[in-house]
>>> print(open('work02.txt').read())   # compact mmCIF, C-alpha atoms
# COMPACT_ATOMS: atom_id res chain seq x y z
CA MET A 978 0.00 0.00 0.00
CA GLY A 979 2.79 2.40 0.87
CA VAL A 980 5.94 3.08 2.91
CA TRP A 981 7.48 5.81 5.05
CA ARG A 982 10.56 7.45 3.53
CA SER A 983 12.38 10.11 5.53
CA GLY A 984 9.22 10.77 7.49
CA VAL A 985 7.09 11.15 4.34
CA TRP A 986 4.44 8.63 3.30
CA VAL A 987 4.84 7.34 -0.28
CA TRP A 988 2.03 5.41 -1.95
CA GLU A 989 3.08 2.10 -3.53
CA LEU A 990 -0.09 0.50 -4.82
CA LYS A 991 0.29 -3.06 -6.08
CA TRP A 992 -2.19 -5.03 -8.21
CA ARG A 993 -2.66 -8.74 -8.83
CA ARG A 994 -2.85 -8.21 -12.60
CA SER A 995 -2.00 -5.64 -15.24
CA LEU A 996 -4.49 -2.78 -15.41
CA PHE A 997 -6.71 -2.12 -18.41
CA VAL A 998 -6.42 1.27 -20.12
CA TRP A 999 -9.59 2.61 -18.51
CA GLU A 1000 -8.35 1.35 -15.12
CA GLU A 1001 -5.06 3.21 -15.55
CA GLU A 1002 -7.06 6.40 -16.11
CA ALA A 1003 -9.05 5.68 -12.95
CA LEU A 1004 -5.78 5.02 -11.07
CA THR A 1005 -4.43 8.40 -12.18
CA GLN A 1006 -7.59 10.04 -10.82
CA LEU A 1007 -7.25 8.10 -7.56
CA LEU A 1008 -3.61 9.10 -7.06
CA ALA A 1009 -4.46 12.73 -7.81
CA LEU A 1010 -7.22 12.54 -5.23
CA ILE A 1011 -5.15 10.96 -2.43
CA GLY A 1012 -1.76 12.40 -3.37
CA GLY A 1013 -2.40 15.72 -1.69
CA THR A 1014 -3.37 14.10 1.59
CA ALA A 1015 -0.88 14.60 4.42
CA ILE A 1016 -0.28 11.29 6.21
CA SER A 1017 0.88 11.33 9.84
CA HIS A 1018 1.79 8.75 12.49
CA MET A 1019 -1.24 9.77 14.55
CA GLU A 1020 -4.13 7.35 15.01
CA ASP A 1021 -6.59 7.56 12.12
CA SER A 1022 -10.16 8.76 12.45
CA TRP A 1023 -12.94 9.20 9.91
CA VAL A 1024 -13.79 12.76 8.84
CA CYS A 1025 -16.18 13.79 6.07
CA ASP A 1026 -15.09 16.98 4.30
CA ILE A 1027 -17.47 17.16 1.34
CA GLY A 1028 -19.44 20.02 2.81
CA VAL A 1029 -21.88 18.13 5.02
CA GLU A 1030 -22.03 19.56 8.53
CA GLU A 1031 -23.78 16.59 10.14
CA GLY A 1032 -21.25 14.11 8.75
CA TYR A 1033 -21.22 11.58 5.96
CA THR A 1034 -24.43 10.46 4.25
CA VAL A 1035 -24.83 7.99 1.39
CA LYS A 1036 -26.74 10.59 -0.62
CA ASP A 1037 -23.96 13.17 -0.44
CA GLY A 1038 -21.30 10.53 -1.01
CA TYR A 1039 -23.11 9.38 -4.14
CA ALA A 1040 -23.46 12.96 -5.37
CA PHE A 1041 -19.73 13.52 -4.85
CA LEU A 1042 -18.80 10.40 -6.81
CA CYS A 1043 -21.19 11.27 -9.65
CA LYS A 1044 -19.82 14.80 -9.90
CA ASN A 1045 -16.16 13.81 -9.87
CA PHE A 1046 -15.99 10.43 -11.57
CA LEU A 1047 -18.96 9.81 -13.87
CA PRO A 1048 -18.50 10.89 -17.50
CA ASP A 1049 -20.88 13.44 -18.99
CA THR A 1050 -23.99 11.66 -20.24
CA ASN A 1051 -25.40 14.45 -22.42
CA LEU A 1052 -28.94 13.32 -21.59
CA ASN A 1053 -31.79 15.73 -22.19
CA GLN A 1054 -34.50 16.47 -19.65
CA GLU A 1055 -36.88 13.78 -20.93
CA GLU A 1056 -34.17 11.12 -20.90
CA CYS A 1057 -33.27 12.03 -17.32
CA ARG A 1058 -36.94 11.67 -16.39
CA VAL A 1059 -37.03 8.22 -17.99
CA LEU A 1060 -33.96 7.18 -15.99
CA LYS A 1061 -35.65 8.37 -12.81
CA HIS A 1062 -38.65 6.13 -13.53
CA ILE A 1063 -36.37 3.20 -14.35
CA TRP A 1064 -34.52 3.41 -11.02
CA LYS A 1065 -37.83 3.53 -9.13
CA SER A 1066 -39.29 0.52 -10.94
CA LEU A 1067 -40.02 -2.94 -9.54
CA ALA A 1068 -37.49 -4.62 -11.83
CA PRO A 1069 -34.48 -6.47 -10.35
CA LEU A 1070 -31.39 -4.35 -9.77
CA LYS A 1071 -29.41 -6.05 -12.55
CA VAL A 1072 -32.20 -5.22 -15.01
CA LYS A 1073 -32.34 -1.59 -13.90
CA ILE A 1074 -28.57 -1.37 -14.39
CA PHE A 1075 -29.04 -2.88 -17.85
CA SER A 1076 -31.73 -0.29 -18.66
CA TRP A 1077 -29.44 2.47 -17.39
CA GLN A 1078 -26.67 1.25 -19.70
CA LEU A 1079 -29.19 1.10 -22.54
CA MET A 1080 -30.24 4.71 -22.00
CA LEU A 1081 -26.58 5.83 -21.92
CA HIS A 1082 -25.72 3.81 -25.05
CA ARG A 1083 -23.21 1.73 -23.08
CA LEU A 1084 -24.38 -1.77 -24.00
CA PRO A 1085 -21.95 -3.94 -26.00
CA THR A 1086 -24.04 -3.78 -29.17
CA ARG A 1087 -22.17 -4.48 -32.37
CA SER A 1088 -22.15 -0.78 -33.30
CA ASN A 1089 -20.55 0.08 -29.97
CA LEU A 1090 -18.05 -2.76 -30.30
CA LEU A 1091 -17.09 -1.45 -33.74
CA ARG A 1092 -16.60 2.05 -32.35
CA ARG A 1093 -14.40 0.66 -29.56
CA GLY A 1094 -12.26 -1.25 -32.04
CA VAL A 1095 -13.39 -4.71 -30.89
CA LEU A 1096 -14.92 -5.42 -34.32
CA GLU A 1097 -12.90 -4.67 -37.42
CA SER A 1098 -15.49 -3.90 -40.10
CA ALA A 1099 -18.98 -2.47 -40.53
CA THR A 1100 -20.10 -5.82 -41.94
CA GLN A 1101 -19.38 -7.45 -38.58
CA ALA A 1102 -21.49 -4.79 -36.86
CA ARG A 1103 -24.73 -5.66 -38.65
CA CYS A 1104 -27.79 -6.71 -36.66
CA VAL A 1105 -27.67 -10.28 -35.39
CA TRP A 1106 -31.28 -10.84 -36.46
CA CYS A 1107 -31.76 -9.12 -39.81
CA SER A 1108 -28.22 -8.28 -41.00
CA ALA A 1109 -29.78 -5.32 -42.82
CA GLU A 1110 -28.68 -2.47 -40.57
CA ALA A 1111 -25.96 -1.66 -38.06
CA GLU A 1112 -26.80 -3.08 -34.64
CA SER A 1113 -27.34 0.11 -32.65
CA GLU A 1114 -29.49 0.24 -29.52
CA ALA A 1115 -32.33 1.93 -31.40
CA HIS A 1116 -32.27 -0.66 -34.18
CA LEU A 1117 -31.93 -3.76 -32.00
CA PHE A 1118 -34.66 -2.79 -29.52
CA THR A 1119 -37.15 -0.74 -31.55
CA MET A 1120 -36.54 -0.85 -35.31
CA CYS A 1121 -35.48 -4.37 -36.32
CA ASP A 1122 -38.37 -6.47 -37.69
CA VAL A 1123 -37.96 -8.89 -34.79
CA ALA A 1124 -38.21 -6.12 -32.19
CA VAL A 1125 -41.15 -4.46 -33.95
CA ASP A 1126 -43.04 -7.77 -34.11
CA VAL A 1127 -42.44 -8.34 -30.39
CA TRP A 1128 -43.66 -4.84 -29.55
CA LEU A 1129 -46.78 -5.24 -31.69
CA LYS A 1130 -47.62 -8.53 -29.98
CA ILE A 1131 -47.21 -6.86 -26.58
CA HIS A 1132 -49.44 -3.98 -27.71
CA SER A 1133 -52.06 -6.46 -28.90
CA TRP A 1134 -51.90 -8.32 -25.59
CA LEU A 1135 -52.48 -5.06 -23.69
CA ARG A 1136 -55.12 -3.94 -26.20
CA ILE A 1137 -53.38 -0.67 -26.91
CA SER A 1138 -52.67 0.93 -30.25
CA THR A 1139 -49.52 2.99 -30.63
CA ALA A 1140 -46.58 3.23 -32.98
CA VAL A 1141 -43.16 1.88 -32.04
CA PRO A 1142 -40.82 4.92 -31.95
CA GLY A 1143 -37.33 4.34 -33.29
CA ASN A 1144 -35.85 5.86 -30.14
CA ILE A 1145 -35.24 4.23 -26.76
CA SER A 1146 -36.41 7.14 -24.62
CA LEU A 1147 -39.49 7.82 -26.75
CA SER A 1148 -40.43 4.14 -26.70
CA PHE A 1149 -40.57 4.27 -22.90
CA GLN A 1150 -42.53 7.52 -22.85
CA SER A 1151 -45.11 6.43 -25.44
CA PHE A 1152 -45.53 3.05 -23.74
CA ALA A 1153 -45.93 4.44 -20.21
CA ALA A 1154 -48.32 7.15 -21.44
CA GLN A 1155 -51.02 4.61 -22.29
CA PHE A 1156 -52.50 4.75 -18.80
CA LYS A 1157 -52.84 7.45 -16.15
CA SER A 1158 -53.23 5.22 -13.10
CA LYS A 1159 -50.05 5.20 -11.01
CA LYS A 1160 -50.22 1.42 -10.51
CA ARG A 1161 -50.72 0.76 -14.22
CA VAL A 1162 -47.88 3.09 -15.16
CA GLU A 1163 -45.73 1.24 -12.62
CA GLY A 1164 -46.70 -2.02 -14.28
CA LEU A 1165 -45.91 -0.69 -17.76
CA ASN A 1166 -42.53 0.51 -16.50
CA LEU A 1167 -41.78 -3.03 -15.36
CA LEU A 1168 -43.10 -4.52 -18.60
CA TRP A 1169 -41.04 -2.14 -20.76
CA GLN A 1170 -37.86 -3.25 -19.01
CA SER A 1171 -38.90 -6.88 -19.40
CA VAL A 1172 -39.28 -6.34 -23.15
CA MET A 1173 -35.84 -4.75 -23.45
CA TRP A 1174 -34.17 -7.35 -21.24
CA SER A 1175 -35.83 -10.24 -23.09
CA LEU A 1176 -34.82 -8.87 -26.50
CA TRP A 1177 -31.24 -8.60 -25.26
CA ILE A 1178 -31.28 -12.16 -23.86
CA ALA A 1179 -32.74 -13.44 -27.14
CA SER A 1180 -30.11 -11.69 -29.25
CA ASN A 1181 -27.34 -13.10 -27.05
CA SER A 1182 -28.84 -16.58 -27.34
CA LEU A 1183 -28.50 -16.34 -31.11
CA ILE A 1184 -24.94 -15.03 -30.89
CA PHE A 1185 -23.55 -17.42 -28.28
CA GLN A 1186 -25.77 -20.52 -28.51
CA GLY A 1187 -26.94 -20.26 -32.12
CA GLU A 1188 -30.55 -20.44 -30.88
CA ARG A 1189 -33.01 -18.26 -32.80
CA LEU A 1190 -36.10 -17.76 -30.67
CA LYS A 1191 -39.44 -17.12 -32.34
CA THR A 1192 -41.07 -13.80 -31.50
CA CYS A 1193 -43.92 -15.63 -29.77
CA GLU A 1194 -41.34 -17.34 -27.53
CA ILE A 1195 -39.77 -13.97 -26.69
CA VAL A 1196 -43.21 -12.57 -25.84
CA ASP A 1197 -43.95 -15.55 -23.57
CA ALA A 1198 -40.62 -14.95 -21.81
CA ILE A 1199 -41.52 -11.26 -21.37
CA LYS A 1200 -44.84 -12.12 -19.73
CA HIS A 1201 -43.24 -14.73 -17.47
CA ARG A 1202 -40.40 -12.43 -16.37
CA SER A 1203 -42.76 -9.52 -15.70
CA LEU A 1204 -44.96 -11.63 -13.44
CA GLN A 1205 -41.95 -13.16 -11.71
CA TRP A 1206 -40.38 -9.75 -11.03
CA PHE A 1207 -43.67 -8.30 -9.81
CA ASN A 1208 -44.27 -11.16 -7.37
CA ALA A 1209 -40.67 -10.97 -6.15
CA SER A 1210 -40.96 -7.23 -5.50
CA ARG A 1211 -44.16 -7.72 -3.52
CA SER A 1212 -42.69 -10.49 -1.41
CA GLY A 1213 -39.49 -8.57 -0.74
CA GLY A 1214 -37.38 -10.96 -2.83
>>> encode(input="work02.txt", output="structure tokens")
Amino acid sequence: MGVWRSGVWVWELKWRRSLFVWEEEALTQLLALIGGTAISHMEDSWVCDIGVEEGYTVKDGYAFLCKNFLPDTNLNQEECRVLKHIWKSLAPLKVKIFSWQLMLHRLPTRSNLLRRGVLESATQARCVWCSAEAESEAHLFTMCDVAVDVWLKIHSWLRISTAVPGNISLSFQSFAAQFKSKKRVEGLNLLWQSVMWSLWIASNSLIFQGERLKTCEIVDAIKHRSLQWFNASRSGG
């Protein structure tokens, strides 16, 4: 962790493996943050100095981390509102994190993998289902024929009639706007995330297992997951 040299503390951080590029950037930020701290031989004690008089709180700690370490998201007001609804939903935490990544365009779709240099050509970045367009978030979840068919079947099941916007944020807003009741909107929030999660699982099944699910099978999985998540949230699971 570190050593004393001539009465001065020197950080010597050691890792069990080589750091990735993004981890090296995080390490630089960490060293800059702790490098200006004066270390003494006195017994340590915890002190919060982020401007909170009554001491440390999780809320203020989270705000500090977001301000100093999260990259700019460039989300507009409506997208921020969608994220707020997502975090308050009844979906499992891992699904809410997935939806958060989806909204921020951070999922490992083929378009994103091409941009990061993981894939070498635009041909490799085509949609896993249709191969007609680049596999962006908007295409995979709202514009591909497979996704559109799934959405239309869900709309028919709910007996609602609305277009499928070719935009992730708008798809949430138009879907949740079908009902005014708070409980129904809460249910649609959960169902929307189940649709997105199930489409992602289905696309990965085709990529990694070579299993092409029918749209009716994806819809059945959506219904099952939604009910399972709802029951788990009510039972505290």
>>> closest_residue(input="work02.txt", among="A:His1082, A:Lys1061, A:Arg993, A:Lys1200", to="A:Gly1164", atoms="only C-alpha atoms")
A:Lys1200
>>> residues_around(input="work02.txt", residues="stretch 1086-1094 of chain A", least_positions_apart="6", cutoff="7 Å", atoms="all atoms listed in the file", output="list in words")
Ala1102, Arg1103, Ala1111, Glu1112, Ser1113 and Glu1114 of chain A
>>> residues_around(input="work02.txt", residues="A:Gln1205", least_positions_apart="4", cutoff="12 Å", atoms="all atoms listed in the file", output="ChimeraX atom specification")
/A:1067-1069,1167-1168,1171,1198-1201,1209-1212,1214
>>> residues_around(input="work02.txt", residues="A:Cys1057", least_positions_apart="5", cutoff="12 Å", atoms="only C-alpha atoms", output="number ranges by chain")
A: 1050-1052, 1062-1064, 1077, 1080-1081, 1146, 1150
>>> atom_distance(input="work02.txt", atom1="atom CA of A:Ser1151", atom2="atom CA of A:Ala1179")
23.5 Å
>>> closest_residue(input="work02.txt", among="A:Asp1026, A:Glu1055, A:Glu1000, A:Asp1197", to="A:Trp1134", atoms="all atoms listed in the file")
A:Asp1197
>>> closest_residue(input="work02.txt", among="A:Ala1003, A:Leu1070, A:Ile1027, A:Ser1148", to="A:Phe1041", atoms="all atoms listed in the file")
A:Ile1027
>>> atom_distance(input="work02.txt", atom1="atom CA of A:Ala1109", atom2="atom CA of A:Phe1152")
26.1 Å
>>> atom_distance(input="work02.txt", atom1="atom CA of A:Cys1107", atom2="atom CA of A:Ala1140")
20.5 Å
>>> closest_residue(input="work02.txt", among="A:Leu1176, A:Leu1204, A:Val980, A:Cys1121", to="A:Arg1189", atoms="all atoms listed in the file")
A:Leu1176
>>> closest_residue(input="work02.txt", among="A:Leu990, A:Val985, A:Ile1145, A:Cys1104", to="A:Ser1076", atoms="all atoms listed in the file")
A:Ile1145
>>> residues_around(input="work02.txt", residues="A:Arg1136", least_positions_apart="6", cutoff="12 Å", atoms="all atoms listed in the file", output="ChimeraX atom specification")
/A:1128-1130,1155-1156
>>> residues_around(input="work02.txt", residues="A:Leu1008", least_positions_apart="6", cutoff="12 Å", atoms="only C-alpha atoms", output="JSON, numbers by chain")
{"A": [987, 988, 989, 990, 1001, 1002, 1014]}
